[in-house]
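A.B. asks: Got a file for you: my_file37.pdb, PDB, C-alpha atoms.
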```pdb
ATOM      1  CA  MET A  27      34.299 -13.902  38.115
ATOM      2  CA  SER A  28      36.385 -10.977  39.414
ATOM      3  CA  ARG A  29      34.571  -7.735  40.330
ATOM      4  CA  PRO A  30      36.050  -5.744  37.341
ATOM      5  CA  ARG A  31      34.925  -8.463  34.940
ATOM      6  CA  ALA A  32      31.491  -8.615  36.545
ATOM      7  CA  VAL A  33      31.078  -4.868  36.220
ATOM      8  CA  ALA A  34      32.223  -5.001  32.590
ATOM      9  CA  ALA A  35      29.761  -7.790  31.853
ATOM     10  CA  VAL A  36      26.886  -5.801  33.347
ATOM     11  CA  LEU A  37      27.833  -2.716  31.335
ATOM     12  CA  LEU A  38      28.129  -4.760  28.131
ATOM     13  CA  ALA A  39      24.698  -6.332  28.699
ATOM     14  CA  ALA A  40      23.154  -2.912  29.266
ATOM     15  CA  LEU A  41      24.788  -1.591  26.102
ATOM     16  CA  LEU A  42      23.524  -4.522  24.035
ATOM     17  CA  ALA A  43      20.026  -4.080  25.425
ATOM     18  CA  ALA A  44      20.049  -0.425  24.496
ATOM     19  CA  VAL A  45      21.256  -1.168  20.975
ATOM     20  CA  THR A  46      18.608  -3.877  20.536
ATOM     21  CA  THR A  47      15.858  -1.531  21.683
ATOM     22  CA  ALA A  48      17.021   1.215  19.327
ATOM     23  CA  CYS A  49      17.159  -1.110  16.335
ATOM     24  CA  SER A  50      13.807  -2.743  16.949
ATOM     25  CA  GLY A  51      11.789   0.490  16.716
ATOM     26  CA  ALA A  52       9.462   1.921  19.331
ATOM     27  CA  PRO A  53       6.673  -0.451  20.243
ATOM     28  CA  ALA A  54       3.072   0.715  20.180
ATOM     29  CA  GLY A  55       2.197   2.874  23.150
ATOM     30  CA  ARG A  56       5.745   4.023  23.946
ATOM     31  CA  THR A  57       5.695   7.707  24.721
ATOM     32  CA  ALA A  58       7.595  10.264  22.681
ATOM     33  CA  GLY A  59       8.652  13.743  23.737
ATOM     34  CA  GLY A  60       5.958  15.431  25.777
ATOM     35  CA  GLY A  61       4.519  12.095  26.895
ATOM     36  CA  ARG A  62       2.625  11.465  23.639
ATOM     37  CA  PRO A  63       2.107   7.837  22.518
ATOM     38  CA  SER A  64       4.219   7.053  19.457
ATOM     39  CA  VAL A  65       3.182   5.046  16.424
ATOM     40  CA  THR A  66       5.010   4.005  13.267
ATOM     41  CA  ILE A  67       3.083   3.853   9.988
ATOM     42  CA  ALA A  68       4.546   1.968   7.012
ATOM     43  CA  SER A  69       3.136   3.303   3.746
ATOM     44  CA  SER A  70       3.637   2.311   0.125
ATOM     45  CA  ASP A  71       1.785   4.730  -2.151
ATOM     46  CA  HIS A  72       2.184   8.487  -1.785
ATOM     47  CA  LEU A  73      -0.990   9.291  -3.725
ATOM     48  CA  GLY A  74      -3.198   6.497  -2.384
ATOM     49  CA  GLY A  75      -2.022   7.376   1.105
ATOM     50  CA  ALA A  76      -2.053  11.140   0.525
ATOM     51  CA  PRO A  77      -3.944  11.876   3.781
ATOM     52  CA  VAL A  78      -1.131  10.183   5.738
ATOM     53  CA  TYR A  79       1.532  12.330   4.068
ATOM     54  CA  LEU A  80      -0.581  15.460   4.421
ATOM     55  CA  ALA A  81      -0.965  14.770   8.147
ATOM     56  CA  GLN A  82       2.795  14.264   8.411
ATOM     57  CA  GLU A  83       3.697  17.413   6.468
ATOM     58  CA  ARG A  84       1.328  19.615   8.459
ATOM     59  CA  GLY A  85       1.980  18.046  11.858
ATOM     60  CA  LEU A  86      -1.647  17.106  12.402
ATOM     61  CA  TRP A  87      -0.884  14.179  14.718
ATOM     62  CA  ALA A  88      -0.190  16.391  17.717
ATOM     63  CA  ALA A  89      -3.811  17.571  17.859
ATOM     64  CA  GLU A  90      -4.793  13.984  18.687
ATOM     65  CA  GLY A  91      -2.005  13.613  21.231
ATOM     66  CA  ILE A  92       0.159  11.186  19.267
ATOM     67  CA  ALA A  93       3.621  11.240  17.678
ATOM     68  CA  ALA A  94       3.639   9.445  14.337
ATOM     69  CA  SER A  95       6.594   8.312  12.241
ATOM     70  CA  VAL A  96       5.816   7.576   8.575
ATOM     71  CA  THR A  97       8.081   5.431   6.409
ATOM     72  CA  THR A  98       7.634   4.662   2.708
ATOM     73  CA  GLN A  99       8.194   1.125   1.421
ATOM     74  CA  PRO A 100       8.683   0.150  -2.264
ATOM     75  CA  THR A 101       5.401  -1.825  -2.423
ATOM     76  CA  GLY A 102       2.353  -2.611  -0.335
ATOM     77  CA  ARG A 103       3.769  -6.088   0.151
ATOM     78  CA  ASP A 104       6.829  -4.541   1.835
ATOM     79  CA  ALA A 105       4.667  -2.252   3.982
ATOM     80  CA  LEU A 106       2.591  -5.256   5.041
ATOM     81  CA  ASN A 107       5.717  -7.194   5.984
ATOM     82  CA  ALA A 108       6.898  -4.254   8.087
ATOM     83  CA  VAL A 109       3.624  -4.385  10.026
ATOM     84  CA  LEU A 110       3.584  -8.152  10.430
ATOM     85  CA  GLY A 111       7.260  -8.119  11.401
ATOM     86  CA  GLY A 112       6.714  -5.526  14.137
ATOM     87  CA  GLN A 113       8.686  -2.713  12.509
ATOM     88  CA  ALA A 114       5.454  -0.697  12.215
ATOM     89  CA  GLN A 115       2.183  -0.787  14.097
ATOM     90  CA  LEU A 116       0.026   0.436  11.196
ATOM     91  CA  GLY A 117       0.350   0.098   7.424
ATOM     92  CA  VAL A 118      -1.001   1.776   4.309
ATOM     93  CA  VAL A 119      -1.235  -1.052   1.780
ATOM     94  CA  GLY A 120      -3.151  -2.181  -1.284
ATOM     95  CA  ASP A 121      -6.106  -4.527  -1.098
ATOM     96  CA  LEU A 122      -4.334  -7.578  -2.512
ATOM     97  CA  PRO A 123      -1.500  -7.755   0.078
ATOM     98  CA  ALA A 124      -4.120  -7.491   2.828
ATOM     99  CA  VAL A 125      -6.169 -10.286   1.242
ATOM    100  CA  THR A 126      -3.224 -12.669   0.902
ATOM    101  CA  ALA A 127      -2.228 -12.012   4.514
ATOM    102  CA  ALA A 128      -5.778 -12.788   5.638
ATOM    103  CA  LEU A 129      -5.798 -16.030   3.643
ATOM    104  CA  GLY A 130      -2.551 -16.928   5.336
ATOM    105  CA  GLY A 131      -4.131 -16.468   8.755
ATOM    106  CA  ARG A 132      -1.864 -13.556   9.643
ATOM    107  CA  ASP A 133      -2.651 -11.248  12.547
ATOM    108  CA  LEU A 134      -3.921  -8.025  10.971
ATOM    109  CA  ARG A 135      -7.024  -5.848  10.978
ATOM    110  CA  ILE A 136      -8.385  -3.705   8.165
ATOM    111  CA  VAL A 137      -9.260  -0.378   9.768
ATOM    112  CA  ALA A 138     -10.321   1.743   6.780
ATOM    113  CA  ASP A 139     -10.436   1.969   2.995
ATOM    114  CA  LEU A 140      -8.637   5.299   2.454
ATOM    115  CA  SER A 141      -8.798   5.793  -1.322
ATOM    116  CA  ARG A 142      -9.772   4.282  -4.682
ATOM    117  CA  PHE A 143      -8.029   4.389  -8.079
ATOM    118  CA  THR A 144      -9.040   2.960 -11.479
ATOM    119  CA  ASP A 145      -6.784   4.586 -14.125
ATOM    120  CA  TRP A 146      -4.501   1.662 -15.020
ATOM    121  CA  ARG A 147      -2.302   1.260 -18.109
ATOM    122  CA  LEU A 148      -0.744  -1.725 -19.802
ATOM    123  CA  LEU A 149       2.672  -0.458 -20.909
ATOM    124  CA  THR A 150       4.129  -1.826 -24.117
ATOM    125  CA  ARG A 151       6.125  -0.883 -27.219
ATOM    126  CA  ALA A 152       4.733   0.204 -30.551
ATOM    127  CA  ASP A 153       6.872  -2.394 -32.333
ATOM    128  CA  ARG A 154       5.302  -5.277 -30.350
ATOM    129  CA  GLY A 155       1.827  -4.872 -31.863
ATOM    130  CA  VAL A 156      -0.028  -5.089 -28.567
ATOM    131  CA  THR A 157      -3.043  -2.901 -29.304
ATOM    132  CA  GLY A 158      -5.477  -4.724 -27.009
ATOM    133  CA  PHE A 159      -5.473  -7.254 -24.214
ATOM    134  CA  ALA A 160      -6.316 -10.187 -26.497
ATOM    135  CA  ALA A 161      -2.948  -9.618 -28.198
ATOM    136  CA  LEU A 162      -1.178 -10.582 -24.950
ATOM    137  CA  LYS A 163      -1.685 -14.299 -25.602
ATOM    138  CA  GLY A 164       1.703 -16.009 -25.721
ATOM    139  CA  ARG A 165       3.549 -12.827 -24.668
ATOM    140  CA  LYS A 166       5.920 -12.046 -21.791
ATOM    141  CA  ILE A 167       4.565  -9.542 -19.280
ATOM    142  CA  GLY A 168       6.573  -7.907 -16.502
ATOM    143  CA  VAL A 169       4.772  -7.261 -13.240
ATOM    144  CA  PRO A 170       5.646  -6.921  -9.516
ATOM    145  CA  GLN A 171       3.992 -10.051  -8.188
ATOM    146  CA  GLY A 172       2.247 -10.042  -4.826
ATOM    147  CA  THR A 173       0.974  -6.491  -5.308
ATOM    148  CA  ASN A 174      -2.228  -4.868  -6.544
ATOM    149  CA  VAL A 175      -0.541  -4.586  -9.921
ATOM    150  CA  GLU A 176      -0.566  -8.360 -10.358
ATOM    151  CA  TYR A 177      -4.302  -8.424  -9.725
ATOM    152  CA  ALA A 178      -4.767  -5.551 -12.190
ATOM    153  CA  LEU A 179      -3.041  -7.701 -14.814
ATOM    154  CA  SER A 180      -5.357 -10.608 -14.025
ATOM    155  CA  ARG A 181      -8.378  -8.374 -14.660
ATOM    156  CA  MET A 182      -6.858  -7.150 -17.944
ATOM    157  CA  LEU A 183      -6.403 -10.722 -19.087
ATOM    158  CA  ALA A 184      -9.894 -11.734 -17.978
ATOM    159  CA  SER A 185     -11.398  -8.853 -19.950
ATOM    160  CA  ALA A 186     -10.094 -10.562 -23.111
ATOM    161  CA  GLY A 187     -10.990 -14.087 -22.015
ATOM    162  CA  LEU A 188      -7.381 -14.963 -21.176
ATOM    163  CA  ALA A 189      -5.972 -16.706 -18.110
ATOM    164  CA  ALA A 190      -2.576 -16.547 -16.450
ATOM    165  CA  GLY A 191      -1.507 -19.673 -18.308
ATOM    166  CA  ASP A 192      -1.974 -17.896 -21.634
ATOM    167  CA  VAL A 193       0.955 -15.557 -20.912
ATOM    168  CA  THR A 194       4.406 -15.714 -19.348
ATOM    169  CA  VAL A 195       4.534 -13.534 -16.236
ATOM    170  CA  VAL A 196       7.981 -12.182 -15.328
ATOM    171  CA  ASN A 197       8.313 -11.028 -11.719
ATOM    172  CA  LEU A 198       9.956  -7.585 -11.702
ATOM    173  CA  ALA A 199      10.334  -4.812  -9.145
ATOM    174  CA  PRO A 200       8.138  -1.790  -9.968
ATOM    175  CA  ASN A 201      11.124   0.220 -11.256
ATOM    176  CA  GLN A 202      12.394  -2.682 -13.384
ATOM    177  CA  VAL A 203       9.409  -2.879 -15.736
ATOM    178  CA  THR A 204      10.487   0.060 -17.920
ATOM    179  CA  PRO A 205      14.121  -1.107 -18.372
ATOM    180  CA  ALA A 206      12.865  -4.595 -19.237
ATOM    181  CA  LEU A 207      10.589  -3.114 -21.894
ATOM    182  CA  ALA A 208      13.411  -0.987 -23.264
ATOM    183  CA  ARG A 209      15.705  -4.020 -23.553
ATOM    184  CA  GLY A 210      12.984  -6.144 -25.112
ATOM    185  CA  ASP A 211      13.007  -8.671 -22.268
ATOM    186  CA  VAL A 212       9.218  -8.415 -22.036
ATOM    187  CA  ASP A 213       6.514  -7.510 -24.529
ATOM    188  CA  ALA A 214       4.411  -5.545 -22.060
ATOM    189  CA  GLY A 215       4.337  -4.576 -18.421
ATOM    190  CA  VAL A 216       2.097  -3.372 -15.638
ATOM    191  CA  THR A 217       3.506  -1.252 -12.835
ATOM    192  CA  PHE A 218       2.511   1.533 -10.472
ATOM    193  CA  PRO A 219       1.249   4.793 -12.011
ATOM    194  CA  SER A 220       4.247   6.709 -10.672
ATOM    195  CA  PHE A 221       6.359   4.921 -13.313
ATOM    196  CA  TYR A 222       4.162   5.730 -16.324
ATOM    197  CA  ASP A 223       5.956   8.968 -17.198
ATOM    198  CA  ALA A 224       9.365   7.326 -16.824
ATOM    199  CA  ALA A 225       8.314   4.644 -19.309
ATOM    200  CA  ARG A 226       7.073   7.255 -21.771
ATOM    201  CA  THR A 227      10.369   9.157 -21.514
ATOM    202  CA  ALA A 228      12.595   6.083 -21.737
ATOM    203  CA  LEU A 229      10.812   4.511 -24.704
ATOM    204  CA  GLY A 230      10.176   7.713 -26.642
ATOM    205  CA  GLU A 231       8.570   6.987 -30.014
ATOM    206  CA  ARG A 232       8.404   3.293 -29.169
ATOM    207  CA  TYR A 233       6.090   3.944 -26.198
ATOM    208  CA  ALA A 234       2.558   2.552 -26.355
ATOM    209  CA  GLU A 235      -0.109   1.888 -23.772
ATOM    210  CA  VAL A 236      -3.529   0.278 -23.426
ATOM    211  CA  PRO A 237      -5.786   1.979 -20.818
ATOM    212  CA  PHE A 238      -7.781  -0.120 -18.369
ATOM    213  CA  THR A 239     -10.451   0.937 -15.867
ATOM    214  CA  GLY A 240     -11.828  -2.483 -14.980
ATOM    215  CA  TYR A 241     -10.186  -2.720 -11.568
ATOM    216  CA  THR A 242     -10.541  -0.378  -8.607
ATOM    217  CA  ALA A 243      -7.406  -0.475  -6.470
ATOM    218  CA  ARG A 244      -8.066   0.370  -2.841
ATOM    219  CA  THR A 245      -5.550   1.787  -0.397
ATOM    220  CA  LEU A 246      -6.201   0.352   3.055
ATOM    221  CA  LEU A 247      -5.148   1.306   6.558
ATOM    222  CA  ILE A 248      -4.281  -1.890   8.415
ATOM    223  CA  ALA A 249      -3.316  -2.537  12.022
ATOM    224  CA  GLY A 250      -0.852  -5.210  13.053
ATOM    225  CA  PRO A 251      -0.539  -7.304  16.208
ATOM    226  CA  SER A 252       1.326  -4.567  18.115
ATOM    227  CA  ALA A 253      -1.156  -1.779  17.289
ATOM    228  CA  ASP A 254      -2.822  -0.123  20.246
ATOM    229  CA  GLU A 255      -6.584   0.410  19.830
ATOM    230  CA  LYS A 256      -6.590   3.872  21.374
ATOM    231  CA  THR A 257      -3.674   5.079  19.272
ATOM    232  CA  THR A 258      -5.209   3.552  16.126
ATOM    233  CA  ALA A 259      -8.404   5.522  16.770
ATOM    234  CA  ALA A 260      -6.344   8.706  17.135
ATOM    235  CA  VAL A 261      -4.658   7.998  13.806
ATOM    236  CA  VAL A 262      -8.045   7.516  12.128
ATOM    237  CA  ARG A 263      -9.330  10.818  13.512
ATOM    238  CA  THR A 264      -6.201  12.546  12.237
ATOM    239  CA  LEU A 265      -6.619  11.045   8.772
ATOM    240  CA  LEU A 266     -10.240  12.169   8.614
ATOM    241  CA  ARG A 267      -9.077  15.718   9.326
ATOM    242  CA  ALA A 268      -6.361  15.357   6.675
ATOM    243  CA  GLN A 269      -8.968  14.192   4.159
ATOM    244  CA  ARG A 270     -11.057  17.285   4.873
ATOM    245  CA  ASP A 271      -7.965  19.448   4.351
ATOM    246  CA  LEU A 272      -7.240  17.619   1.095
ATOM    247  CA  ALA A 273     -10.753  18.289  -0.204
ATOM    248  CA  ALA A 274     -10.596  21.951   0.823
ATOM    249  CA  ASP A 275      -7.107  22.596  -0.569
ATOM    250  CA  PRO A 276      -6.159  20.039  -3.271
ATOM    251  CA  ALA A 277      -3.190  22.095  -4.478
ATOM    252  CA  GLY A 278      -1.808  22.355  -0.952
ATOM    253  CA  ALA A 279      -2.253  18.629  -0.492
ATOM    254  CA  ARG A 280      -0.301  17.958  -3.676
ATOM    255  CA  ARG A 281       2.532  20.155  -2.426
ATOM    256  CA  ALA A 282       2.551  18.266   0.862
ATOM    257  CA  VAL A 283       2.744  14.899  -0.909
ATOM    258  CA  LEU A 284       5.611  16.165  -3.070
ATOM    259  CA  ALA A 285       7.490  17.425  -0.032
ATOM    260  CA  GLN A 286       7.048  14.127   1.805
ATOM    261  CA  SER A 287       8.160  12.118  -1.231
ATOM    262  CA  ARG A 288      11.612  13.751  -0.973
ATOM    263  CA  GLY A 289      12.169  13.729  -4.705
ATOM    264  CA  ALA A 290      10.679  10.297  -5.398
ATOM    265  CA  LEU A 291       7.730  11.888  -7.242
ATOM    266  CA  GLN A 292       7.646  14.616  -9.892
ATOM    267  CA  SER A 293       5.211  17.517  -9.695
ATOM    268  CA  GLY A 294       3.747  16.760 -13.141
ATOM    269  CA  TYR A 295       2.802  13.254 -12.089
ATOM    270  CA  VAL A 296       1.261  14.378  -8.793
ATOM    271  CA  ASP A 297      -0.715  17.177 -10.461
ATOM    272  CA  ALA A 298      -2.031  14.792 -13.116
ATOM    273  CA  PHE A 299      -2.807  11.730 -11.017
ATOM    274  CA  GLN A 300      -3.828  12.828  -7.533
ATOM    275  CA  PRO A 301      -7.188  14.145  -8.856
ATOM    276  CA  ARG A 302      -7.820  10.640 -10.237
ATOM    277  CA  TYR A 303      -7.925   9.179  -6.719
ATOM    278  CA  SER A 304     -11.171   9.152  -4.771
ATOM    279  CA  TYR A 305     -10.531   9.833  -1.070
ATOM    280  CA  GLY A 306     -12.688   9.191   1.978
ATOM    281  CA  ALA A 307     -12.215   6.659   4.781
ATOM    282  CA  THR A 308     -14.904   3.969   4.610
ATOM    283  CA  LEU A 309     -15.666   0.330   5.371
ATOM    284  CA  SER A 310     -18.266  -0.536   2.766
ATOM    285  CA  PRO A 311     -20.062  -3.570   1.287
ATOM    286  CA  GLU A 312     -18.230  -2.768  -1.979
ATOM    287  CA  LEU A 313     -14.897  -3.217  -0.224
ATOM    288  CA  LEU A 314     -15.985  -6.517   1.285
ATOM    289  CA  ALA A 315     -17.261  -7.800  -2.077
ATOM    290  CA  GLN A 316     -13.959  -6.893  -3.744
ATOM    291  CA  LEU A 317     -11.927  -8.578  -1.019
ATOM    292  CA  GLU A 318     -14.009 -11.711  -1.542
ATOM    293  CA  GLU A 319     -13.370 -11.662  -5.306
ATOM    294  CA  GLU A 320      -9.641 -11.131  -4.809
ATOM    295  CA  ALA A 321      -9.458 -13.889  -2.205
ATOM    296  CA  ALA A 322     -11.036 -16.346  -4.621
ATOM    297  CA  TRP A 323      -8.535 -15.301  -7.295
ATOM    298  CA  ALA A 324      -5.575 -15.565  -4.896
ATOM    299  CA  LYS A 325      -6.605 -19.059  -3.823
ATOM    300  CA  ALA A 326      -6.787 -20.197  -7.444
ATOM    301  CA  ALA A 327      -3.697 -18.341  -8.712
ATOM    302  CA  GLN A 328      -1.397 -18.680  -5.727
ATOM    303  CA  GLY A 329      -2.639 -21.874  -4.075
ATOM    304  CA  LEU A 330      -3.464 -20.181  -0.761
ATOM    305  CA  GLN A 331      -5.493 -22.300   1.625
ATOM    306  CA  GLY A 332      -7.420 -19.874   3.850
ATOM    307  CA  ALA A 333     -11.181 -19.319   3.827
ATOM    308  CA  ALA A 334     -12.253 -16.807   1.156
ATOM    309  CA  ASP A 335     -15.937 -16.446   2.010
ATOM    310  CA  ARG A 336     -17.526 -13.171   3.107
ATOM    311  CA  ALA A 337     -17.931 -14.213   6.745
ATOM    312  CA  ALA A 338     -14.260 -15.167   7.058
ATOM    313  CA  LEU A 339     -13.062 -11.902   5.526
ATOM    314  CA  LEU A 340     -15.478  -9.831   7.599
ATOM    315  CA  ARG A 341     -13.628 -11.004  10.706
ATOM    316  CA  TYR A 342     -10.549  -9.130   9.476
ATOM    317  CA  LEU A 343     -12.390  -5.810   9.463
ATOM    318  CA  ASP A 344     -11.994  -3.684  12.604
ATOM    319  CA  PRO A 345     -14.727  -1.045  12.406
ATOM    320  CA  ALA A 346     -14.352   0.306  15.945
ATOM    321  CA  PRO A 347     -11.851   3.156  15.274
ATOM    322  CA  LEU A 348     -13.714   4.469  12.215
ATOM    323  CA  THR A 349     -17.122   4.012  13.857
ATOM    324  CA  ALA A 350     -15.990   6.106  16.810
ATOM    325  CA  ALA A 351     -14.857   8.916  14.478
ATOM    326  CA  ASP A 352     -17.508   8.735  11.738
ATOM    327  CA  PRO A 353     -20.299   6.159  12.270
ATOM    328  CA  ALA A 354     -21.855   6.829   8.847
ATOM    329  CA  ALA A 355     -18.622   5.714   7.123
ATOM    330  CA  VAL A 356     -19.045   2.096   8.284
ATOM    331  CA  THR A 357     -21.676   0.234   6.264
ATOM    332  CA  ALA A 358     -20.052  -3.202   5.896
ATOM    333  CA  HIS A 359     -21.678  -5.826   8.089
TER     334      HIS A 359
END
```
Using structure tokens, write down the structure that the file contains.
C.D. replies:
Amino acid sequence: MSRPRAVAAVLLAALLAAVTTACSGAPAGRTAGGGRPSVTIASSDHLGGAPVYLAQERGLWAAEGIAASVTTQPTGRDALNAVLGGQAQLGVVGDLPAVTAALGGRDLRIVADLSRFTDWRLLTRADRGVTGFAALKGRKIGVPQGTNVEYALSRMLASAGLAAGDVTVVNLAPNQVTPALARGDVDAGVTFPSFYDAARTALGERYAEVPFTGYTARTLLIAGPSADEKTTAAVVRTLLRAQRDLAADPAGARRAVLAQSRGALQSGYVDAFQPRYSYGATLSPELLAQLEEEAAWAKAAQGLQGAADRAALLRYLDPAPLTAADPAAVTAH
């Protein structure tokens, strides 16, 4: 190869390497400006993950010597995939995506249970006559499968003695449930709370709902294979501070969540629903018991093969970061 061609080849290789590095995202531990370790957090629920967005809005990461980048994914399943795929080191996901990943033997650790929520609604239309969960037998129900919402539906059905085979489940994206109801493609739907108001507006006088509080959805902080233990601990300490700020100034926290949502959420929804979340980072026996119940359901409903017993799931808990920051918050053993 001639010298000009050799030089060109070297330059091209360097350019491709630089482009590849830029597209792949900063790996855990890479330093940002000022020499601070950088970390990417993939989130999926602005209200469930409110401490993360509050920390981002107020720049709380710097106090712990880290530079965090927070992205918002459409669902917890997408946030989980970002972590497992290496696009993010940490994730803020629902309990069910974490459970299915554990059953699949994926490399993740549950670091903390950040928040709890129980105010679910079955969305339907007044002209469909669905006034209770027993009336769902033989009906079509839209739901984003693979998310906490699917498990919420399973609990709704179980409360009326119904099983998945008693209904037709239609897999829809969270924002597709309302249009499907409006068109009459489904008789009812379950989606994330951020879409409740949109359904009420779109359906108008036809709107109907059935409340359900029989399932506590948990928002979890998980760490993936590329997460650095020291940086994860710094993130946990930051989130504990953000949770204290949230408790001391709920209105300010709601403003921060709105600002970080960049128009995805409306102030009326945030004002109404954020108080319905219970915040406080924990690793509790209640969490472990719920993960065990969900794992048993996932094995039966989705044919997953992993171990669903308490001991197997306990191995996916990583209490070290939370124990270092708040020992009393870790009671699961």
A.B. asks: For the file shown, what are the residues hit by the PyMOL selection byres ((chain A and resi 200) around 9), laid out as a PDB file with C-alpha atoms, in the coordinates of the input?
C.D. replies:
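So the final result, stored in expr30.pdb, reads:
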```pdb
ATOM      1  CA  PRO A 100       8.683   0.150  -2.264  1.00  0.00           C
ATOM      2  CA  THR A 101       5.401  -1.825  -2.423  1.00  0.00           C
ATOM      3  CA  VAL A 169       4.772  -7.261 -13.240  1.00  0.00           C
ATOM      4  CA  PRO A 170       5.646  -6.921  -9.516  1.00  0.00           C
ATOM      5  CA  LEU A 198       9.956  -7.585 -11.702  1.00  0.00           C
ATOM      6  CA  ALA A 199      10.334  -4.812  -9.145  1.00  0.00           C
ATOM      7  CA  ASN A 201      11.124   0.220 -11.256  1.00  0.00           C
ATOM      8  CA  GLN A 202      12.394  -2.682 -13.384  1.00  0.00           C
ATOM      9  CA  VAL A 203       9.409  -2.879 -15.736  1.00  0.00           C
ATOM     10  CA  THR A 204      10.487   0.060 -17.920  1.00  0.00           C
ATOM     11  CA  VAL A 216       2.097  -3.372 -15.638  1.00  0.00           C
ATOM     12  CA  THR A 217       3.506  -1.252 -12.835  1.00  0.00           C
ATOM     13  CA  PHE A 218       2.511   1.533 -10.472  1.00  0.00           C
ATOM     14  CA  PHE A 221       6.359   4.921 -13.313  1.00  0.00           C
TER      15      PHE A 221
END
```
A.B. asks: For the PyMOL selection byres ((chain A and resi 348) around 8), applied here, can you spell out every residue it catches as a list in words?
C.D. replies: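 Taken on the displayed file, the PyMOL selection byres ((chain A and resi 348) around 8) yields the residues Val137, Ala138, Ala259, Val262, Arg263, Ala307, Thr308, Pro345, Ala346, Pro347, Thr349, Ala350, Ala351, Asp352, Pro353, Ala355 and Val356 of chain A.
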A.B. asks: Pick out the residues sitting within 9 Å of Arg281 in chain A, and hand them over as a VMD selection string; count all atoms listed in the file, and ignore anything fewer than 4 positions along from it in its own chain.
C.D. replies: chain A and resid 80 276 to 277 285 to 286 293 296
A.B. asks: I'd like the contact shell of Ala334 in chain A - 9 Å cut-off, all atoms listed in the file, skipping same-chain residues fewer than 4 positions apart - returned as a list of chain:residue names.
C.D. replies: A:Val125, A:Ala128, A:Leu129, A:Leu317, A:Glu318, A:Glu319, A:Glu320, A:Ala321, A:Ala322, A:Lys325, A:Ala338, A:Leu339
A.B. asks: Counting only C-alpha atoms, which of A:Gly61, A:Gly102, A:Gly120, A:Gly111 gets nearest to Arg132 in chain A?
C.D. replies: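 The closest residue to Arg132 in chain A is A:Gly111.
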A.B. asks: Could you list, as a PyMOL selection string, every residue within 12 Å of Asp211 in chain A, counting only C-alpha atoms and ignoring same-chain residues fewer than 5 positions away?
C.D. replies: chain A and resi 150-151+154+165-168+194-198+202-206
A.B. asks: When distances are computed from all atoms listed in the file, which of A:Ala160, A:Leu343, A:Ala94, A:Leu265 shows the smallest separation from Val78 in chain A?
C.D. replies: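 Under the stated criterion, the closest residue is A:Leu265.
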A.B. asks: Which of these, A:Leu122, A:Ala324, A:Leu183, A:Leu309, has the shortest distance to Thr242 in chain A once you count only C-alpha atoms?
C.D. replies: A:Leu122
A.B. asks: Quick one: of A:Tyr222, A:Tyr241, A:Tyr342, A:Tyr233, who's nearest to Gly294 in chain A, counting only C-alpha atoms?
C.D. replies: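 Between A:Tyr222, A:Tyr241, A:Tyr342, A:Tyr233, the residue approaching Gly294 in chain A most closely is A:Tyr222.
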A.B. asks: Give me, as CSV, each residue of range 89-169 of chain A that comes within 7 Å of range 63-74 of chain A, together with its shortest interatomic pair and the distance in Å at one decimal, counting all atoms listed in the file, with rows ordered by chain and rising residue number.
C.D. replies:
```
residue,atom,partner,partner_atom,distance
A:Ile92,CA,A:Pro63,CA,5.1
A:Ala93,CA,A:Ser64,CA,4.6
A:Ala94,CA,A:Val65,CA,4.9
A:Ser95,CA,A:Thr66,CA,4.7
A:Val96,CA,A:Ile67,CA,4.8
A:Thr97,CA,A:Ala68,CA,5.0
A:Thr98,CA,A:Ser69,CA,4.8
A:Gln99,CA,A:Ser70,CA,4.9
A:Pro100,CA,A:Ser70,CA,6.0
A:Thr101,CA,A:Ser70,CA,5.2
A:Gly102,CA,A:Ser70,CA,5.1
A:Ala105,CA,A:Ala68,CA,5.2
A:Ala108,CA,A:Ala68,CA,6.7
A:Ala114,CA,A:Thr66,CA,4.8
A:Gln115,CA,A:Thr66,CA,5.6
A:Leu116,CA,A:Ile67,CA,4.7
A:Gly117,CA,A:Ala68,CA,4.6
A:Val118,CA,A:Ser69,CA,4.4
A:Val119,CA,A:Ser70,CA,6.1
A:Ser141,CA,A:Gly74,CA,5.7
```
A.B. asks: May I have the centre and edge lengths, in Å to one decimal, of an axis-aligned box around the listed atoms of range 63-80 of chain A with 5 Å added to every side, as AutoDock Vina command-line options?
C.D. replies:
```
--center_x 0.5 --center_y 8.7 --center_z 9.4 --size_x 19.0 --size_y 23.5 --size_z 36.2
```
A.B. asks: Separation of CA of Gly187 in chain A and CA of Phe159 in chain A, in Å?
C.D. replies: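 Straight-line distance from CA of Gly187 in chain A to CA of Phe159 in chain A works out to 9.1 Å.
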A.B. asks: May I ask which of the residues A:Met182, A:Ala89, A:Ala327, A:Leu340 is the closest one to Pro311 in chain A, counting all atoms listed in the file?
C.D. replies: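 Smallest separation from Pro311 in chain A among the options: A:Leu340.
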A.B. asks: Quick one: of A:Ala358, A:Ala76, A:Leu149, A:Ala88, who's nearest to Phe238 in chain A, counting all atoms listed in the file?
C.D. replies: A:Leu149
A.B. asks: With a distance cut-off of 12 Å and only C-alpha atoms, select the neighbouring residues of Ala152 in chain A, excluding the residue or stretch itself and same-chain residues fewer than 3 positions from it, and output the selection as number ranges by chain.
C.D. replies: A: 149, 155-158, 207-208, 210, 213-214, 226, 229-236
A.B. asks: Report, in Å to a single decimal, how far apart CA of Val109 in chain A and CA of Asp335 in chain A are.
C.D. replies: 24.3 Å
A.B. asks: Mind pulling up the distance from CA of Arg84 in chain A to CA of Pro219 in chain A?
C.D. replies: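 A separation of 25.3 Å between them.
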